[in-house]
Amino acid sequence: MRRELGDERKRYGRKSLREQLEDAIAWPGNHRSATGVILVVIAGALLLVAVRGGATSLRGLAVGDCLYIPTAAAQDPLSLRPIGEAPAVEEVLITAGAEEAACTASHGHEVAAIVVAPEPSRTTGEFGQLLDRDAIRRQAQPLCDAAFDAFVGHAIAGSSYVTFPVAPEPAAWVAGGRQTVCLVARRDGQWMDHPARGSGE
């Protein structure tokens with residue numbers, strides 16, 4: 001008599017849900033090497049998330065956040081300023097966001113303040129230029145400068161750090177979204193390995 005695969009299935013039936021659960025619980029003990037590899041991979045992923053953090057947008061930032069902003073300079077091992085120049089940092093942060101980093105790990109920038117620039121006077125001539133990003137920077141830079149000392153613990157003159165604003169797109173600025181992020185970075189354009197906040201440097 002010819003035996004069919006279906007005959008065996010009918011004969012032995014399927015494992016109950018309880019038996020399947022017991023097998024799943026016993027699997028790590030029966031496959032120690034594979035379990036070890038899985039645990040190492042999971043631990044590595046968790047460590048990476050803890051150190052580098054998740055991606056965040058301009059609107060998702062808060063004072064004290066430490067950031068890795070993936071500019072072209074950050075990808076270039078020969079760059080003399082690996083954190084990138086301010087205009088490139090601004091562009092990447094607005095269009096692609098940044099990765100949050102541990103402030104005691106390597107990072108390029110810290111959020112020193114979130115300010116709202118005053119609406120420019122129509123008589124100053126600035127209002128008609130608001131679609132120009134340089135005009136937006138001129139409105140926000142004094143506010144970032146004013147927040148610097150309290151954040152770093154050192155006057156901006158003679159500090160190891162600099163500050164610059166990252167504003168929303170000009171169209172959003174004109175519409176009233178004048179919230180601007182003030183970033184702090186090392187003056188020499190190198191990575192930070194400790195917080196600028198409260199450093200007194």
# chains A, B, ... in the order shown; residues from 1 in each chain; ligands from 1
call {"tool": "residues_around", "arguments": {"residues": "A:Pro165", "least_positions_apart": "4", "cutoff": "7 Å", "atoms": "only C-alpha atoms", "output": "ChimeraX atom specification"}}
result
/A:137,140-141,144,180-183
call {"tool": "closest_residue", "arguments": {"among": "A:Ile114, A:Ala155, A:Ala74, A:Ala26", "to": "A:Ala167", "atoms": "only C-alpha atoms"}}
result
A:Ile114
call {"tool": "closest_residue", "arguments": {"among": "A:Asp188, A:Gly97, A:Arg133, A:Ala113", "to": "A:Ala146", "atoms": "only C-alpha atoms"}}
result
A:Ala113
call {"tool": "closest_residue", "arguments": {"among": "A:Pro82, A:Gly158, A:Pro70, A:Pro168", "to": "A:Val116", "atoms": "only C-alpha atoms"}}
result
A:Pro168
call {"tool": "closest_residue", "arguments": {"among": "A:Val166, A:Val92, A:Ala62, A:Ile69", "to": "A:Gly108", "atoms": "only C-alpha atoms"}}
result
A:Ile69
call {"tool": "residues_around", "arguments": {"residues": "A:Ala112", "least_positions_apart": "3", "cutoff": "10 Å", "atoms": "only C-alpha atoms", "output": "PyMOL selection string"}}
result
chain A and resi 62-66+109+115+144-145+147-152+163-165+181-185+196-197
call {"tool": "write_last_selection", "arguments": {"atoms": "N, CA, C and O atoms", "output": "short mmCIF file (atom, residue, chain, number, x, y, z; two decimals), in the first residue's frame"}}
result
data_model
loop_
_atom_site.label_atom_id
_atom_site.label_comp_id
_atom_site.auth_asym_id
_atom_site.auth_seq_id
_atom_site.Cartn_x
_atom_site.Cartn_y
_atom_site.Cartn_z
N ALA A 62 14.78 70.18 21.59
CA ALA A 62 14.59 70.84 22.89
C ALA A 62 15.95 71.33 23.38
O ALA A 62 17.00 70.80 22.99
N VAL A 63 15.92 72.33 24.24
CA VAL A 63 17.16 72.88 24.81
C VAL A 63 17.93 71.75 25.51
O VAL A 63 17.35 70.97 26.27
N GLY A 64 19.22 71.67 25.23
CA GLY A 64 20.06 70.65 25.83
C GLY A 64 20.28 69.44 24.96
O GLY A 64 21.14 68.61 25.26
N ASP A 65 19.50 69.29 23.87
CA ASP A 65 19.70 68.16 22.97
C ASP A 65 21.09 68.21 22.35
O ASP A 65 21.57 69.28 21.95
N CYS A 66 21.73 67.06 22.27
CA CYS A 66 23.02 66.93 21.61
C CYS A 66 22.79 66.19 20.30
O CYS A 66 22.05 65.20 20.26
N HIS A 109 26.81 69.27 17.64
CA HIS A 109 26.06 70.48 18.01
C HIS A 109 25.19 70.22 19.23
O HIS A 109 24.79 69.08 19.49
N VAL A 115 14.27 80.25 20.42
CA VAL A 115 13.84 81.64 20.57
C VAL A 115 12.80 81.97 19.50
O VAL A 115 12.68 81.28 18.49
N CYS A 144 20.38 84.43 19.80
CA CYS A 144 21.25 83.29 20.09
C CYS A 144 22.47 83.74 20.88
O CYS A 144 22.89 83.07 21.83
N ASP A 145 23.03 84.88 20.49
CA ASP A 145 24.19 85.42 21.22
C ASP A 145 23.82 85.68 22.68
O ASP A 145 24.61 85.40 23.60
N ALA A 147 21.64 84.15 24.51
CA ALA A 147 21.42 82.91 25.26
C ALA A 147 22.71 82.14 25.52
O ALA A 147 22.74 81.22 26.34
N PHE A 148 23.77 82.50 24.81
CA PHE A 148 25.01 81.72 24.83
C PHE A 148 25.64 81.62 26.21
O PHE A 148 25.97 80.52 26.69
N ASP A 149 25.85 82.75 26.86
CA ASP A 149 26.55 82.78 28.15
C ASP A 149 25.89 81.89 29.18
O ASP A 149 26.55 81.11 29.87
N ALA A 150 24.56 81.98 29.30
CA ALA A 150 23.85 81.18 30.29
C ALA A 150 23.94 79.69 29.98
O ALA A 150 23.96 78.85 30.89
N PHE A 151 24.02 79.34 28.72
CA PHE A 151 24.08 77.92 28.34
C PHE A 151 25.47 77.35 28.56
O PHE A 151 25.64 76.30 29.19
N VAL A 152 26.48 78.02 28.04
CA VAL A 152 27.86 77.51 28.09
C VAL A 152 28.54 77.83 29.42
O VAL A 152 29.39 77.08 29.89
N THR A 163 27.93 80.14 18.34
CA THR A 163 26.50 79.86 18.22
C THR A 163 25.97 80.47 16.93
O THR A 163 26.50 81.46 16.43
N PHE A 164 24.94 79.82 16.40
CA PHE A 164 24.29 80.33 15.19
C PHE A 164 22.85 79.83 15.15
O PHE A 164 22.53 78.79 15.73
N PRO A 165 21.97 80.58 14.47
CA PRO A 165 20.55 80.20 14.43
C PRO A 165 20.23 79.28 13.26
O PRO A 165 20.85 79.34 12.21
N VAL A 181 15.94 77.78 16.33
CA VAL A 181 16.81 76.97 17.19
C VAL A 181 18.21 77.58 17.17
O VAL A 181 18.77 77.83 16.10
N CYS A 182 18.77 77.81 18.35
CA CYS A 182 20.15 78.30 18.46
C CYS A 182 21.05 77.11 18.76
O CYS A 182 20.89 76.43 19.78
N LEU A 183 21.99 76.84 17.85
CA LEU A 183 22.93 75.75 18.03
C LEU A 183 24.26 76.27 18.53
O LEU A 183 24.69 77.37 18.18
N VAL A 184 24.93 75.45 19.33
CA VAL A 184 26.29 75.71 19.78
C VAL A 184 27.18 74.63 19.20
O VAL A 184 26.81 73.46 19.16
N ALA A 185 28.37 75.04 18.74
CA ALA A 185 29.33 74.09 18.17
C ALA A 185 30.73 74.54 18.55
O ALA A 185 30.95 75.70 18.92
N ALA A 196 28.89 70.89 25.94
CA ALA A 196 29.24 72.32 25.96
C ALA A 196 28.45 73.00 27.08
O ALA A 196 28.92 73.96 27.71
N ARG A 197 27.27 72.48 27.33
CA ARG A 197 26.38 73.09 28.33
C ARG A 197 27.05 73.10 29.69
O ARG A 197 27.44 72.06 30.24
#
call {"tool": "closest_residue", "arguments": {"among": "A:His107, A:His154, A:Arg138, A:Arg178", "to": "A:His194", "atoms": "only C-alpha atoms"}}
result
A:His107
call {"tool": "closest_residue", "arguments": {"among": "A:Leu78, A:Leu17, A:Ala96, A:Cys103", "to": "A:Gly198", "atoms": "only C-alpha atoms"}}
result
A:Cys103
call {"tool": "decode", "arguments": {"residues": "stretch 177-193 of chain A", "atoms": "all heavy atoms", "output": "tab-separated table (two decimals), in the first residue's frame"}}
result
chain	number	residue	atom	x	y	z
A	177	GLY	N	5.71	81.59	11.85
A	177	GLY	CA	6.44	80.54	12.57
A	177	GLY	C	7.88	80.94	12.79
A	177	GLY	O	8.79	80.36	12.22
A	178	ARG	N	8.11	81.94	13.65
A	178	ARG	CA	9.44	82.51	13.79
A	178	ARG	C	10.26	81.82	14.87
A	178	ARG	O	11.27	82.35	15.33
A	178	ARG	CB	9.34	84.02	14.07
A	178	ARG	CG	8.71	84.79	12.91
A	178	ARG	CD	8.75	86.28	13.13
A	178	ARG	NE	8.20	86.71	14.40
A	178	ARG	CZ	6.90	86.86	14.65
A	178	ARG	NH1	6.01	86.60	13.67
A	178	ARG	NH2	6.47	87.26	15.81
A	179	GLN	N	9.84	80.64	15.29
A	179	GLN	CA	10.61	79.89	16.28
A	179	GLN	C	11.93	79.44	15.65
A	179	GLN	O	11.96	78.85	14.58
A	179	GLN	CB	9.82	78.67	16.76
A	179	GLN	CG	10.53	77.89	17.85
A	179	GLN	CD	9.61	76.89	18.51
A	179	GLN	OE1	8.64	77.28	19.16
A	179	GLN	NE2	9.89	75.63	18.33
A	180	THR	N	13.01	79.74	16.32
A	180	THR	CA	14.35	79.50	15.79
A	180	THR	C	15.18	78.73	16.81
A	180	THR	O	15.11	79.01	18.00
A	180	THR	CB	15.03	80.84	15.46
A	180	THR	OG1	14.24	81.53	14.49
A	180	THR	CG2	16.42	80.65	14.92
A	181	VAL	N	15.94	77.78	16.33
A	181	VAL	CA	16.81	76.97	17.19
A	181	VAL	C	18.21	77.58	17.17
A	181	VAL	O	18.77	77.83	16.10
A	181	VAL	CB	16.85	75.51	16.70
A	181	VAL	CG1	17.89	74.71	17.45
A	181	VAL	CG2	15.48	74.87	16.83
A	182	CYS	N	18.77	77.81	18.35
A	182	CYS	CA	20.15	78.30	18.46
A	182	CYS	C	21.05	77.11	18.76
A	182	CYS	O	20.89	76.43	19.78
A	182	CYS	CB	20.27	79.31	19.59
A	182	CYS	SG	19.26	80.79	19.35
A	183	LEU	N	21.99	76.84	17.85
A	183	LEU	CA	22.93	75.75	18.03
A	183	LEU	C	24.26	76.27	18.53
A	183	LEU	O	24.69	77.37	18.18
A	183	LEU	CB	23.15	75.01	16.71
A	183	LEU	CG	21.95	74.27	16.12
A	183	LEU	CD1	22.37	73.54	14.84
A	183	LEU	CD2	21.34	73.29	17.12
A	184	VAL	N	24.93	75.45	19.33
A	184	VAL	CA	26.29	75.71	19.78
A	184	VAL	C	27.18	74.63	19.20
A	184	VAL	O	26.81	73.46	19.16
A	184	VAL	CB	26.37	75.72	21.33
A	184	VAL	CG1	27.79	75.58	21.82
A	184	VAL	CG2	25.75	76.99	21.87
A	185	ALA	N	28.37	75.04	18.74
A	185	ALA	CA	29.33	74.09	18.17
A	185	ALA	C	30.73	74.54	18.55
A	185	ALA	O	30.95	75.70	18.92
A	185	ALA	CB	29.19	74.04	16.65
A	186	ARG	N	31.68	73.65	18.42
A	186	ARG	CA	33.07	74.03	18.68
A	186	ARG	C	33.55	75.02	17.62
A	186	ARG	O	33.26	74.86	16.43
A	186	ARG	CB	33.97	72.79	18.68
A	186	ARG	CG	33.98	72.10	20.02
A	186	ARG	CD	34.86	70.87	20.04
A	186	ARG	NE	36.22	71.10	19.57
A	186	ARG	CZ	37.20	70.23	19.72
A	186	ARG	NH1	36.98	69.07	20.34
A	186	ARG	NH2	38.41	70.50	19.26
A	187	ARG	N	34.28	76.01	18.06
A	187	ARG	CA	34.78	77.05	17.16
A	187	ARG	C	35.69	76.47	16.08
A	187	ARG	O	35.71	76.95	14.95
A	187	ARG	CB	35.53	78.10	17.98
A	187	ARG	CG	35.87	79.37	17.22
A	187	ARG	CD	36.53	80.40	18.12
A	187	ARG	NE	35.64	80.89	19.16
A	187	ARG	CZ	34.77	81.87	18.99
A	187	ARG	NH1	34.66	82.48	17.81
A	187	ARG	NH2	34.00	82.28	19.99
A	188	ASP	N	36.44	75.40	16.42
A	188	ASP	CA	37.38	74.81	15.46
A	188	ASP	C	36.74	73.79	14.53
A	188	ASP	O	37.41	73.19	13.69
A	188	ASP	CB	38.58	74.18	16.19
A	188	ASP	CG	38.18	73.03	17.12
A	188	ASP	OD1	36.99	72.62	17.12
A	188	ASP	OD2	39.06	72.52	17.83
A	189	GLY	N	35.42	73.58	14.66
A	189	GLY	CA	34.71	72.69	13.75
A	189	GLY	C	34.91	71.21	14.01
A	189	GLY	O	34.53	70.38	13.18
A	190	GLN	N	35.46	70.85	15.17
A	190	GLN	CA	35.70	69.45	15.50
A	190	GLN	C	34.55	68.90	16.35
A	190	GLN	O	33.71	69.63	16.86
A	190	GLN	CB	37.03	69.31	16.26
A	190	GLN	CG	38.23	69.84	15.49
A	190	GLN	CD	38.40	69.19	14.14
A	190	GLN	OE1	38.49	67.97	14.03
A	190	GLN	NE2	38.44	70.01	13.08
A	191	TRP	N	34.54	67.58	16.52
A	191	TRP	CA	33.49	66.92	17.31
A	191	TRP	C	33.67	67.22	18.80
A	191	TRP	O	34.79	67.37	19.27
A	191	TRP	CB	33.53	65.41	17.10
A	191	TRP	CG	33.35	64.99	15.68
A	191	TRP	CD1	34.30	64.48	14.85
A	191	TRP	CD2	32.15	65.04	14.92
A	191	TRP	NE1	33.76	64.22	13.62
A	191	TRP	CE2	32.45	64.54	13.63
A	191	TRP	CE3	30.85	65.46	15.20
A	191	TRP	CZ2	31.48	64.48	12.62
A	191	TRP	CZ3	29.89	65.38	14.21
A	191	TRP	CH2	30.20	64.90	12.94
A	192	MET	N	32.58	67.30	19.52
A	192	MET	CA	32.61	67.41	20.96
A	192	MET	C	32.61	66.01	21.57
A	192	MET	O	31.96	65.11	21.04
A	192	MET	CB	31.38	68.16	21.48
A	192	MET	CG	31.26	69.58	21.02
A	192	MET	SD	29.81	70.33	21.83
A	192	MET	CE	29.03	71.10	20.42
A	193	ASP	N	33.30	65.84	22.70
A	193	ASP	CA	33.24	64.56	23.42
A	193	ASP	C	32.71	64.74	24.84
A	193	ASP	O	32.75	63.84	25.66
A	193	ASP	CB	34.62	63.88	23.44
A	193	ASP	CG	35.68	64.75	24.10
A	193	ASP	OD1	35.34	65.81	24.65
A	193	ASP	OD2	36.86	64.35	24.08
